[in-house]
file start.cif (mmCIF, C-alpha atoms and all ligand atoms)
data_start
loop_
_atom_site.label_atom_id
_atom_site.label_comp_id
_atom_site.auth_asym_id
_atom_site.auth_seq_id
_atom_site.Cartn_x
_atom_site.Cartn_y
_atom_site.Cartn_z
CA MET A 46 56.31 -4.34 -8.13
CA PRO A 47 53.43 -5.57 -6.01
CA THR A 48 50.52 -3.24 -5.32
CA GLU A 49 47.22 -3.96 -3.62
CA THR A 50 45.44 -3.92 -7.00
CA VAL A 51 47.64 -5.91 -9.43
CA TYR A 52 51.38 -6.30 -10.04
CA GLY A 53 52.84 -3.34 -11.91
CA LEU A 54 55.62 -3.14 -14.49
CA ALA A 55 57.49 -0.32 -12.81
CA ALA A 56 59.87 2.19 -14.36
CA ASP A 57 61.09 5.69 -13.56
CA GLY A 58 57.98 7.78 -14.21
CA LEU A 59 59.96 10.90 -15.10
CA ASN A 60 62.31 9.27 -17.61
CA PRO A 61 60.97 8.98 -21.20
CA GLU A 62 63.38 6.17 -22.10
CA ALA A 63 62.29 4.11 -19.14
CA LEU A 64 58.65 4.76 -20.05
CA ALA A 65 59.30 3.72 -23.66
CA ARG A 66 60.69 0.42 -22.36
CA ILE A 67 57.42 -0.22 -20.52
CA PHE A 68 55.56 0.08 -23.81
CA ALA A 69 58.15 -2.07 -25.57
CA ILE A 70 57.81 -4.88 -23.01
CA LYS A 71 54.03 -4.68 -22.90
CA GLN A 72 53.91 -4.75 -26.72
CA ARG A 73 50.95 -2.45 -26.90
CA PRO A 74 50.18 -1.33 -30.46
CA PHE A 75 49.48 2.16 -29.10
CA PHE A 76 50.61 4.46 -26.30
CA ASP A 77 48.14 5.03 -23.53
CA PRO A 78 48.62 7.19 -20.49
CA LEU A 79 50.29 5.58 -17.49
CA ILE A 80 49.53 5.95 -13.81
CA LEU A 81 52.32 7.44 -11.73
CA HIS A 82 52.67 5.87 -8.29
CA MET A 83 54.00 7.97 -5.46
CA ALA A 84 55.13 7.44 -1.86
CA GLU A 85 52.95 8.75 0.94
CA ASN A 86 55.55 11.33 1.87
CA PHE A 87 56.12 12.51 -1.71
CA GLU A 88 55.27 16.12 -2.43
CA LEU A 89 52.53 15.94 -5.06
CA GLU A 90 52.97 19.64 -5.93
CA ARG A 91 56.24 18.73 -7.63
CA LEU A 92 54.25 16.94 -10.34
CA VAL A 93 51.01 18.89 -10.60
CA ILE A 94 49.96 22.50 -11.05
CA ARG A 95 46.78 22.43 -8.99
CA ILE A 96 45.10 20.22 -6.37
CA SER A 97 41.38 20.98 -6.11
CA PRO A 98 39.59 20.90 -2.74
CA THR A 99 37.69 17.80 -3.95
CA ALA A 100 40.95 16.10 -4.77
CA ARG A 101 42.26 16.96 -1.31
CA THR A 102 39.20 15.42 0.33
CA LEU A 103 39.62 12.26 -1.72
CA MET A 104 43.32 12.04 -0.96
CA ALA A 105 42.70 12.49 2.74
CA ASN A 106 40.11 9.70 2.75
CA PHE A 107 41.37 7.16 0.22
CA TRP A 108 45.14 7.52 -0.07
CA PRO A 109 47.06 5.34 0.21
CA GLY A 110 44.69 3.04 -1.65
CA PRO A 111 43.26 1.92 -5.01
CA LEU A 112 42.14 5.36 -6.17
CA THR A 113 43.77 7.18 -9.09
CA LEU A 114 43.19 10.90 -9.58
CA LEU A 115 43.84 13.15 -12.56
CA PHE A 116 45.71 16.44 -12.12
CA PRO A 117 46.98 19.14 -14.51
CA LYS A 118 50.60 18.15 -15.00
CA ARG A 119 53.78 20.12 -14.65
CA GLU A 120 56.32 20.10 -17.45
CA LEU A 121 58.53 17.75 -15.44
CA VAL A 122 56.08 14.93 -16.20
CA PRO A 123 57.03 13.49 -19.63
CA ASP A 124 54.47 13.46 -22.43
CA LEU A 125 54.98 9.74 -22.78
CA ALA A 126 53.57 9.29 -19.26
CA THR A 127 50.34 11.07 -20.22
CA SER A 128 50.28 10.20 -23.91
CA GLY A 129 50.48 13.89 -24.61
CA LEU A 130 47.50 14.82 -22.42
CA PRO A 131 47.81 17.88 -20.17
CA THR A 132 46.65 15.79 -17.20
CA VAL A 133 48.55 13.15 -15.28
CA ALA A 134 47.03 10.18 -13.43
CA ILE A 135 48.47 9.67 -9.95
CA ARG A 136 47.95 7.12 -7.25
CA CYS A 137 49.45 6.43 -3.87
CA PRO A 138 49.36 2.64 -3.43
CA ALA A 139 48.64 1.06 -0.05
CA HIS A 140 50.84 -2.03 -0.42
CA PRO A 141 53.69 -1.79 2.13
CA VAL A 142 56.27 -3.18 -0.33
CA ALA A 143 55.18 -0.65 -2.97
CA GLN A 144 55.45 2.15 -0.41
CA ALA A 145 58.90 1.00 0.72
CA LEU A 146 60.10 0.85 -2.88
CA LEU A 147 58.68 4.28 -3.72
CA GLN A 148 60.21 5.87 -0.64
CA GLU A 149 63.57 4.35 -1.41
CA PHE A 150 63.37 5.51 -5.04
CA GLY A 151 62.30 8.99 -3.98
CA SER A 152 60.47 9.75 -7.21
CA PRO A 153 57.29 8.45 -8.88
CA LEU A 154 57.17 5.11 -10.68
CA ALA A 155 54.93 4.46 -13.66
CA ALA A 156 53.48 0.98 -13.26
CA PRO A 157 50.83 -0.37 -15.64
CA SER A 158 49.81 -3.98 -15.10
CA ALA A 159 52.75 -6.34 -15.60
CA ASN A 160 51.28 -8.25 -18.53
CA LYS A 161 51.59 -8.21 -22.30
CA PHE A 162 49.00 -6.38 -24.37
CA GLY A 163 45.60 -8.09 -24.31
CA ARG A 164 46.41 -10.50 -21.48
CA ILE A 165 45.08 -10.52 -17.96
CA SER A 166 46.71 -8.59 -15.15
CA PRO A 167 48.96 -10.67 -12.86
CA THR A 168 48.09 -10.77 -9.16
CA SER A 169 51.08 -12.80 -7.94
CA ALA A 170 54.85 -12.65 -8.40
CA GLN A 171 54.76 -16.10 -10.01
CA ALA A 172 52.23 -14.90 -12.60
CA VAL A 173 54.53 -11.97 -13.46
CA LYS A 174 57.48 -14.32 -13.92
CA GLU A 175 55.47 -16.52 -16.22
CA GLU A 176 54.18 -13.54 -18.17
CA LEU A 177 57.30 -11.42 -18.57
CA GLY A 178 60.12 -13.86 -17.74
CA ASP A 179 63.58 -12.58 -18.62
CA GLU A 180 62.37 -9.35 -20.16
CA ILE A 181 62.45 -7.74 -16.73
CA SER A 182 65.37 -7.57 -14.34
CA LEU A 183 63.57 -8.23 -11.10
CA VAL A 184 60.22 -9.24 -9.62
CA LEU A 185 59.58 -7.95 -6.10
CA ASP A 186 57.45 -10.58 -4.42
CA GLY A 187 54.93 -8.90 -2.14
CA GLY A 188 52.57 -11.86 -1.97
CA PRO A 189 49.17 -12.15 -3.65
CA CYS A 190 47.36 -8.87 -4.40
CA ARG A 191 44.72 -8.07 -1.80
CA ILE A 192 42.29 -6.39 -4.20
CA GLY A 193 43.09 -7.98 -7.54
CA VAL A 194 41.30 -5.43 -9.72
CA GLU A 195 42.63 -2.12 -11.03
CA SER A 196 42.25 1.21 -9.26
CA THR A 197 39.19 3.41 -9.59
CA ILE A 198 40.05 6.44 -11.76
CA LEU A 199 38.42 9.83 -11.21
CA ASP A 200 38.82 13.02 -13.19
CA VAL A 201 38.80 15.78 -10.57
CA THR A 202 40.24 18.49 -12.80
CA SER A 203 36.96 20.37 -13.36
CA ASP A 204 33.95 21.35 -11.21
CA LYS A 205 32.23 18.07 -11.91
CA VAL A 206 33.86 14.79 -10.97
CA PHE A 207 33.89 12.07 -13.62
CA LEU A 208 34.32 8.35 -13.16
CA LEU A 209 36.83 7.21 -15.79
CA ARG A 210 37.15 3.63 -14.59
CA SER A 211 35.44 1.59 -11.91
CA GLY A 212 37.87 -0.25 -9.68
CA GLY A 213 39.12 -0.93 -6.17
CA VAL A 214 37.24 1.88 -4.40
CA PRO A 215 33.44 1.57 -4.85
CA LEU A 216 31.57 4.55 -6.27
CA GLU A 217 29.23 4.70 -3.25
CA LEU A 218 32.12 5.22 -0.84
CA LEU A 219 33.50 8.04 -2.98
CA GLU A 220 30.10 9.74 -3.30
CA GLU A 221 29.67 9.61 0.48
CA LYS A 222 32.65 11.92 0.75
CA ILE A 223 32.31 14.24 -2.24
CA GLY A 224 28.72 13.99 -3.50
CA PRO A 225 27.52 12.92 -6.95
CA ILE A 226 29.99 11.62 -9.53
CA GLU A 227 29.23 11.74 -13.25
CA LEU A 228 29.44 8.42 -15.07
CA SER A 229 29.66 9.73 -18.63
CA GLY A 230 33.45 9.89 -18.59
CA GLU A 231 33.64 6.12 -18.36
CA ASP A 232 33.36 5.78 -22.13
CA ALA A 233 36.69 7.49 -22.51
CA ILE A 234 38.40 4.55 -20.92
CA LYS A 235 36.58 1.63 -22.52
CA ALA A 236 38.90 1.65 -25.46
CA PRO A 237 42.29 2.50 -23.99
CA GLY A 238 44.34 4.74 -26.20
CA MET A 239 41.21 6.15 -27.77
CA LEU A 240 41.00 9.24 -25.57
CA LYS A 241 39.71 12.10 -27.72
CA SER A 242 41.94 14.84 -26.43
CA HIS A 243 45.29 13.19 -27.18
CA TYR A 244 47.98 15.61 -28.18
CA ALA A 245 48.03 16.70 -31.80
CA PRO A 246 50.27 19.49 -33.09
CA ARG A 247 48.57 22.74 -34.13
CA THR A 248 50.60 22.71 -37.32
CA PRO A 249 48.98 20.29 -39.80
CA LEU A 250 50.84 16.98 -39.75
CA LEU A 251 50.91 14.96 -42.98
CA ARG A 252 52.22 11.42 -43.19
CA LEU A 253 54.54 10.67 -46.08
CA GLN A 254 54.05 7.37 -47.87
CA GLU A 255 57.77 7.23 -48.71
CA PRO A 256 60.79 8.69 -46.93
CA TRP A 257 61.70 12.22 -47.97
CA PRO A 258 64.31 11.94 -50.78
CA ARG A 259 67.65 12.63 -49.14
CA ASP A 260 68.91 14.62 -52.15
CA GLN A 261 65.91 16.94 -52.19
CA GLU A 262 65.87 20.18 -50.23
CA LEU A 263 63.14 20.64 -47.67
CA PRO A 264 60.92 23.70 -48.45
CA SER A 265 61.36 26.50 -45.92
CA ASP A 266 57.69 26.35 -44.84
CA THR A 267 57.95 22.64 -44.03
CA ALA A 268 59.29 20.66 -41.07
CA LEU A 269 60.16 16.98 -41.19
CA LEU A 270 59.90 14.24 -38.61
CA ALA A 271 62.42 11.89 -40.19
CA TRP A 272 62.86 8.25 -39.29
CA SER A 273 66.50 7.76 -40.26
CA ASN A 274 69.48 10.02 -40.69
CA PHE A 275 69.24 13.16 -42.73
CA PRO A 276 72.43 14.28 -44.50
CA VAL A 277 72.42 17.90 -43.44
CA SER A 278 71.29 19.01 -40.07
CA VAL A 279 68.43 21.41 -40.65
CA GLU A 280 66.63 23.10 -37.79
CA ARG A 281 63.33 21.96 -39.25
CA VAL A 282 64.24 18.27 -39.12
CA ARG A 283 64.14 15.85 -36.20
CA VAL A 284 65.42 12.31 -36.62
CA LEU A 285 63.50 9.75 -34.58
CA ALA A 286 65.69 6.71 -35.04
CA PRO A 287 69.26 7.58 -36.05
CA ASP A 288 70.29 4.09 -34.87
CA GLY A 289 67.08 2.37 -35.98
CA ASP A 290 66.06 1.93 -32.36
CA GLU A 291 62.28 2.16 -31.96
CA VAL A 292 62.43 2.34 -28.17
CA ALA A 293 64.64 5.43 -28.30
CA ALA A 294 62.37 6.82 -31.03
CA ALA A 295 59.30 6.41 -28.82
CA ALA A 296 61.06 8.24 -26.00
CA LYS A 297 61.64 11.22 -28.32
CA LEU A 298 58.36 11.23 -30.25
CA PHE A 299 56.31 13.76 -28.27
CA GLN A 300 59.25 16.06 -27.64
CA TYR A 301 60.09 16.22 -31.35
CA LEU A 302 56.46 16.80 -32.35
CA ARG A 303 56.25 19.70 -29.93
CA GLU A 304 59.55 21.17 -31.08
CA LEU A 305 58.55 21.05 -34.75
CA ASP A 306 55.13 22.42 -33.87
CA SER A 307 56.71 25.47 -32.26
CA LEU A 308 58.70 26.49 -35.36
CA GLY A 309 55.80 28.29 -37.01
CA VAL A 310 56.02 26.33 -40.29
CA GLU A 311 53.03 25.64 -42.56
CA LYS A 312 53.15 21.89 -42.24
CA ILE A 313 54.99 19.00 -40.66
CA LEU A 314 55.72 15.88 -42.70
CA SER A 315 56.37 12.58 -41.00
CA GLU A 316 58.26 9.72 -42.57
CA PRO A 317 56.95 6.13 -42.53
CA VAL A 318 57.85 4.19 -39.40
CA PRO A 319 58.67 0.46 -39.71
CA MET A 320 55.84 -1.62 -38.22
CA LYS A 321 58.02 -3.52 -35.82
CA GLY A 322 58.22 -3.37 -32.03
CA LEU A 323 57.21 0.09 -30.81
CA GLY A 324 56.94 1.23 -34.43
CA ARG A 325 53.31 0.13 -34.32
CA ALA A 326 52.54 2.44 -31.39
CA ILE A 327 54.49 5.31 -32.98
CA ASN A 328 52.51 4.88 -36.21
CA ASP A 329 49.26 4.81 -34.30
CA ARG A 330 50.14 8.06 -32.53
CA LEU A 331 51.23 9.77 -35.77
CA GLU A 332 48.07 8.66 -37.48
CA ARG A 333 45.92 10.16 -34.73
CA ALA A 334 47.93 13.38 -34.79
CA SER A 335 47.86 13.74 -38.56
CA VAL A 336 45.37 15.33 -40.93
CA GLY A 337 46.11 12.82 -43.68
CA THR A 338 48.77 11.31 -45.88
CA THR A 339 50.70 12.78 -48.78
CA VAL A 340 53.18 11.60 -51.39
P1 LIG B 1 46.58 0.93 -15.76
O1 LIG B 1 46.71 0.20 -17.08
O2 LIG B 1 45.79 0.20 -14.74
O3 LIG B 1 47.89 1.41 -15.26
O4 LIG B 1 45.71 2.22 -16.05
C1 LIG B 1 46.08 3.16 -16.99
C2 LIG B 1 44.83 3.78 -17.51
O5 LIG B 1 44.55 4.98 -16.81
C3 LIG B 1 44.95 4.23 -18.94
O6 LIG B 1 44.72 3.18 -19.85
C4 LIG B 1 43.90 5.30 -19.03
O7 LIG B 1 42.70 4.66 -19.34
C5 LIG B 1 43.85 5.88 -17.63
N1 LIG B 1 44.54 7.17 -17.59
C6 LIG B 1 45.79 7.41 -17.21
N2 LIG B 1 46.11 8.71 -17.35
C7 LIG B 1 45.02 9.32 -17.82
C8 LIG B 1 44.71 10.66 -18.19
N3 LIG B 1 45.62 11.64 -18.09
N4 LIG B 1 43.49 10.92 -18.66
C9 LIG B 1 42.58 9.92 -18.76
N5 LIG B 1 42.80 8.66 -18.45
C10 LIG B 1 44.01 8.33 -17.99
MG MG B 2 46.36 -3.47 -17.72
#

call {"tool": "encode", "arguments": {"input": "start.cif", "output": "structure tokens"}}
result
Amino acid sequence: MPTETVYGLAADGLNPEALARIFAIKQRPFFDPLILHMAENFELERLVIRISPTARTLMANFWPGPLTLLFPKRELVPDLATSGLPTVAIRCPAHPVAQALLQEFGSPLAAPSANKFGRISPTSAQAVKEELGDEISLVLDGGPCRIGVESTILDVTSDKVFLLRSGGVPLELLEEKIGPIELSGEDAIKAPGMLKSHYAPRTPLLRLQEPWPRDQELPSDTALLAWSNFPVSVERVRVLAPDGDEVAAAAKLFQYLRELDSLGVEKILSEPVPMKGLGRAINDRLERASVGTTV
């Protein structure tokens, strides 16, 4: 989809499987939070718990436009959209084709730049075609992008406002409306996927070096995040890839971690994940969430 910043690889922002496909196509070795794009007439309260007065001022002045704001998310927003963070990044794009698409769809679209990991963001439909070719079903040609750089991202979830990424709306213009903005948050974004507060279960998570032996009983104080099928269905086991499909596994990852975390067990073990396709990103996430490995 075209936007005024860059072309986005758009998928249903509330559907974990669609979100997992974004990561699969982009071939990122990690999951990072996505920006949800919404139509001007969309009711933001459906997605977020609170809209601060500062956020309202910014929305009134800069939406639709290249400004992304962070809000505390409602449960409806999948963990894969926020990489497990309790906040969701939302933007209302100004491009008329983006707006028409979003209104027609009636729900938010996640849309990171339509390029493979480590490559530059496309600013024309032709560039998207060259970059992603037949991996996507359709390119909506909205002409060249007017702005050509990503959106400015602000964290407006606390009393202070933090700049998380410089972009389409200059800092000076924002400060004219809401006063001083702190720059220290910018570090958080320099290495995408490196955000400190990513979700980790409260129950210690240990990564197994080998799959759990299928003939061995699982101790009652232990939960297992299995990769492939487990002979008996135990409440303390979740199987990520019963069909070996990493995209489906990615769509389930956060949900399963949360479910196992809520069981009140002593520890969660996770089985090795094959390093292919999204397996890389799943491994990265498990590694960040874990307290170590075990045999
Ligand atoms: P883009 O690749 O232009 O779609 O921008 C996505 C970027 O927005 C991510 O890589 C993060 O750096 C940032 N972002 C999205 N959601 C959040 C969030 N909840 N907290 C902090 N940063 C976020
Ligand atoms: Mg990008």

call {"tool": "atom_distance", "arguments": {"input": "start.cif", "atom1": "CA of Gly58 in chain A", "atom2": "CA of Arg164 in chain A"}}
result
22.8 Å

call {"tool": "closest_residue", "arguments": {"input": "start.cif", "among": "A:Cys137, A:Val292, A:Leu154, A:Val310", "to": "Arg325 in chain A", "atoms": "only C-alpha atoms"}}
result
A:Val292

call {"tool": "residues_around", "arguments": {"input": "start.cif", "residues": "Arg259 in chain A", "least_positions_apart": "5", "cutoff": "10 Å", "atoms": "only C-alpha atoms", "output": "list in words"}}
result
Asn274, Phe275, Pro276 and Val277 of chain A

call {"tool": "closest_residue", "arguments": {"input": "start.cif", "among": "A:Leu59, A:Leu185, A:Leu228, A:Ala296", "to": "Leu209 in chain A", "atoms": "all atoms listed in the file"}}
result
A:Leu228

call {"tool": "closest_residue", "arguments": {"input": "start.cif", "among": "A:Asp266, A:Glu120, A:Glu49, A:Glu220", "to": "Ser158 in chain A", "atoms": "only C-alpha atoms"}}
result
A:Glu49

call {"tool": "residues_near_ligand", "arguments": {"input": "start.cif", "ligand": "ligand LIG 1 (chain B)", "cutoff": "7 Å", "atoms": "only C-alpha atoms and all ligand atoms", "output": "list in words"}}
result
Asp77, Pro78, Leu79, Ile80, Leu115, Thr127, Leu130, Pro131, Thr132, Val133, Ala134, Ala156, Pro157, Ser158, Glu195, Ser196, Ile198, Leu209, Ile234, Pro237 and Gly238 of chain A

call {"tool": "write_last_selection", "arguments": {"input": "start.cif", "atoms": "C-alpha atoms", "output": "PDB file, in the frame of the given file"}}
result
ATOM      1  CA  ASP A  77      48.140   5.030 -23.530  1.00  0.00           C
ATOM      2  CA  PRO A  78      48.620   7.190 -20.490  1.00  0.00           C
ATOM      3  CA  LEU A  79      50.290   5.580 -17.490  1.00  0.00           C
ATOM      4  CA  ILE A  80      49.530   5.950 -13.810  1.00  0.00           C
ATOM      5  CA  LEU A 115      43.840  13.150 -12.560  1.00  0.00           C
ATOM      6  CA  THR A 127      50.340  11.070 -20.220  1.00  0.00           C
ATOM      7  CA  LEU A 130      47.500  14.820 -22.420  1.00  0.00           C
ATOM      8  CA  PRO A 131      47.810  17.880 -20.170  1.00  0.00           C
ATOM      9  CA  THR A 132      46.650  15.790 -17.200  1.00  0.00           C
ATOM     10  CA  VAL A 133      48.550  13.150 -15.280  1.00  0.00           C
ATOM     11  CA  ALA A 134      47.030  10.180 -13.430  1.00  0.00           C
ATOM     12  CA  ALA A 156      53.480   0.980 -13.260  1.00  0.00           C
ATOM     13  CA  PRO A 157      50.830  -0.370 -15.640  1.00  0.00           C
ATOM     14  CA  SER A 158      49.810  -3.980 -15.100  1.00  0.00           C
ATOM     15  CA  GLU A 195      42.630  -2.120 -11.030  1.00  0.00           C
ATOM     16  CA  SER A 196      42.250   1.210  -9.260  1.00  0.00           C
ATOM     17  CA  ILE A 198      40.050   6.440 -11.760  1.00  0.00           C
ATOM     18  CA  LEU A 209      36.830   7.210 -15.790  1.00  0.00           C
ATOM     19  CA  ILE A 234      38.400   4.550 -20.920  1.00  0.00           C
ATOM     20  CA  PRO A 237      42.290   2.500 -23.990  1.00  0.00           C
ATOM     21  CA  GLY A 238      44.340   4.740 -26.200  1.00  0.00           C
TER      22      GLY A 238
END

call {"tool": "closest_residue", "arguments": {"input": "start.cif", "among": "A:Ala55, A:Ala159, A:Val122, A:Ala326", "to": "ligand MG 2 (chain B)", "atoms": "only C-alpha atoms and all ligand atoms"}}
result
A:Ala159

call {"tool": "residues_around", "arguments": {"input": "start.cif", "residues": "range 267-272 of chain A", "least_positions_apart": "5", "cutoff": "7 Å", "atoms": "only C-alpha atoms", "output": "MDAnalysis selection string"}}
result
chainID A and resid 281:286 305 310:316 318

call {"tool": "residues_around", "arguments": {"input": "start.cif", "residues": "Glu227 in chain A", "least_positions_apart": "3", "cutoff": "12 Å", "atoms": "all atoms listed in the file", "output": "ChimeraX atom specification"}}
result
/A:199-201,203-211,216,219-220,223-224,230-232

call {"tool": "closest_residue", "arguments": {"input": "start.cif", "among": "A:Gly193, A:Gly151, A:Pro138, A:Gly129", "to": "ligand MG 2 (chain B)", "atoms": "only C-alpha atoms and all ligand atoms"}}
result
A:Gly193

call {"tool": "closest_residue", "arguments": {"input": "start.cif", "among": "A:Gln148, A:Ala245, A:Leu218, A:Tyr52", "to": "Glu176 in chain A", "atoms": "only C-alpha atoms"}}
result
A:Tyr52

call {"tool": "atom_distance", "arguments": {"input": "start.cif", "atom1": "CA of Leu251 in chain A", "atom2": "CA of Val340 in chain A"}}
result
9.3 Å

call {"tool": "atom_distance", "arguments": {"input": "start.cif", "atom1": "CA of Gln261 in chain A", "atom2": "CA of Leu302 in chain A"}}
result
22.0 Å

call {"tool": "residues_around", "arguments": {"input": "start.cif", "residues": "Leu121 in chain A", "least_positions_apart": "5", "cutoff": "10 Å", "atoms": "all atoms listed in the file", "output": "PyMOL selection string"}}
result
chain A and resi 59-60+91-93

call {"tool": "write_last_selection", "arguments": {"input": "start.cif", "atoms": "C-alpha atoms", "output": "PDB file, in the frame of the given file"}}
result
ATOM      1  CA  LEU A  59      59.960  10.900 -15.100  1.00  0.00           C
ATOM      2  CA  ASN A  60      62.310   9.270 -17.610  1.00  0.00           C
ATOM      3  CA  ARG A  91      56.240  18.730  -7.630  1.00  0.00           C
ATOM      4  CA  LEU A  92      54.250  16.940 -10.340  1.00  0.00           C
ATOM      5  CA  VAL A  93      51.010  18.890 -10.600  1.00  0.00           C
TER       6      VAL A  93
END

call {"tool": "residues_near_point", "arguments": {"input": "start.cif", "point": "(67.0, 2.0, -29.0)", "cutoff": "12 Å", "atoms": "all atoms listed in the file", "output": "PyMOL selection string"}}
result
chain A and resi 62-63+65-66+69+285-297+322-324

call {"tool": "write_last_selection", "arguments": {"input": "start.cif", "atoms": "C-alpha atoms", "output": "mmCIF file, keeping the file's coordinate frame"}}
result
data_model
loop_
_atom_site.group_PDB
_atom_site.id
_atom_site.type_symbol
_atom_site.label_atom_id
_atom_site.label_comp_id
_atom_site.auth_asym_id
_atom_site.auth_seq_id
_atom_site.Cartn_x
_atom_site.Cartn_y
_atom_site.Cartn_z
ATOM 1 C CA GLU A 62 63.380 6.170 -22.100
ATOM 2 C CA ALA A 63 62.290 4.110 -19.140
ATOM 3 C CA ALA A 65 59.300 3.720 -23.660
ATOM 4 C CA ARG A 66 60.690 0.420 -22.360
ATOM 5 C CA ALA A 69 58.150 -2.070 -25.570
ATOM 6 C CA LEU A 285 63.500 9.750 -34.580
ATOM 7 C CA ALA A 286 65.690 6.710 -35.040
ATOM 8 C CA PRO A 287 69.260 7.580 -36.050
ATOM 9 C CA ASP A 288 70.290 4.090 -34.870
ATOM 10 C CA GLY A 289 67.080 2.370 -35.980
ATOM 11 C CA ASP A 290 66.060 1.930 -32.360
ATOM 12 C CA GLU A 291 62.280 2.160 -31.960
ATOM 13 C CA VAL A 292 62.430 2.340 -28.170
ATOM 14 C CA ALA A 293 64.640 5.430 -28.300
ATOM 15 C CA ALA A 294 62.370 6.820 -31.030
ATOM 16 C CA ALA A 295 59.300 6.410 -28.820
ATOM 17 C CA ALA A 296 61.060 8.240 -26.000
ATOM 18 C CA LYS A 297 61.640 11.220 -28.320
ATOM 19 C CA GLY A 322 58.220 -3.370 -32.030
ATOM 20 C CA LEU A 323 57.210 0.090 -30.810
ATOM 21 C CA GLY A 324 56.940 1.230 -34.430
#

call {"tool": "axis_aligned_box", "arguments": {"input": "start.cif", "around": "range 217-220 of chain A", "padding_each_side": "3 Å", "output": "lines of an AutoDock Vina configuration file"}}
result
center_x = 31.4
center_y = 7.2
center_z = -2.1
size_x = 10.3
size_y = 11.0
size_z = 8.5

call {"tool": "build_atoms", "arguments": {"input": "start.cif", "residues": "range 280-291 of chain A", "atoms": "N, CA and C atoms", "output": "mmCIF file, in the frame of the given file"}}
result
data_model
loop_
_atom_site.group_PDB
_atom_site.id
_atom_site.type_symbol
_atom_site.label_atom_id
_atom_site.label_comp_id
_atom_site.auth_asym_id
_atom_site.auth_seq_id
_atom_site.Cartn_x
_atom_site.Cartn_y
_atom_site.Cartn_z
ATOM 1 N N GLU A 280 67.388 22.847 -39.020
ATOM 2 C CA GLU A 280 66.630 23.100 -37.790
ATOM 3 C C GLU A 280 65.231 22.531 -37.880
ATOM 4 N N ARG A 281 64.708 22.409 -39.083
ATOM 5 C CA ARG A 281 63.330 21.960 -39.250
ATOM 6 C C ARG A 281 63.191 20.441 -39.334
ATOM 7 N N VAL A 282 64.282 19.739 -39.045
ATOM 8 C CA VAL A 282 64.240 18.270 -39.120
ATOM 9 C C VAL A 282 64.563 17.657 -37.766
ATOM 10 N N ARG A 283 63.787 16.655 -37.373
ATOM 11 C CA ARG A 283 64.140 15.850 -36.200
ATOM 12 C C ARG A 283 64.204 14.404 -36.665
ATOM 13 N N VAL A 284 65.236 13.704 -36.214
ATOM 14 C CA VAL A 284 65.420 12.310 -36.620
ATOM 15 C C VAL A 284 65.039 11.400 -35.454
ATOM 16 N N LEU A 285 64.001 10.595 -35.674
ATOM 17 C CA LEU A 285 63.500 9.750 -34.580
ATOM 18 C C LEU A 285 64.420 8.581 -34.255
ATOM 19 N N ALA A 286 64.947 7.948 -35.288
ATOM 20 C CA ALA A 286 65.690 6.710 -35.040
ATOM 21 C C ALA A 286 67.028 6.698 -35.768
ATOM 22 N N PRO A 287 67.963 7.559 -35.364
ATOM 23 C CA PRO A 287 69.260 7.580 -36.050
ATOM 24 C C PRO A 287 69.954 6.220 -35.998
ATOM 25 N N ASP A 288 69.686 5.429 -34.957
ATOM 26 C CA ASP A 288 70.290 4.090 -34.870
ATOM 27 C C ASP A 288 69.273 2.990 -35.155
ATOM 28 N N GLY A 289 68.109 3.368 -35.680
ATOM 29 C CA GLY A 289 67.080 2.370 -35.980
ATOM 30 C C GLY A 289 66.390 1.807 -34.755
ATOM 31 N N ASP A 290 66.578 2.470 -33.624
ATOM 32 C CA ASP A 290 66.060 1.930 -32.360
ATOM 33 C C ASP A 290 64.674 2.508 -32.066
ATOM 34 N N GLU A 291 63.643 1.652 -32.144
ATOM 35 C CA GLU A 291 62.280 2.160 -31.960
ATOM 36 C C GLU A 291 61.999 2.584 -30.526
#
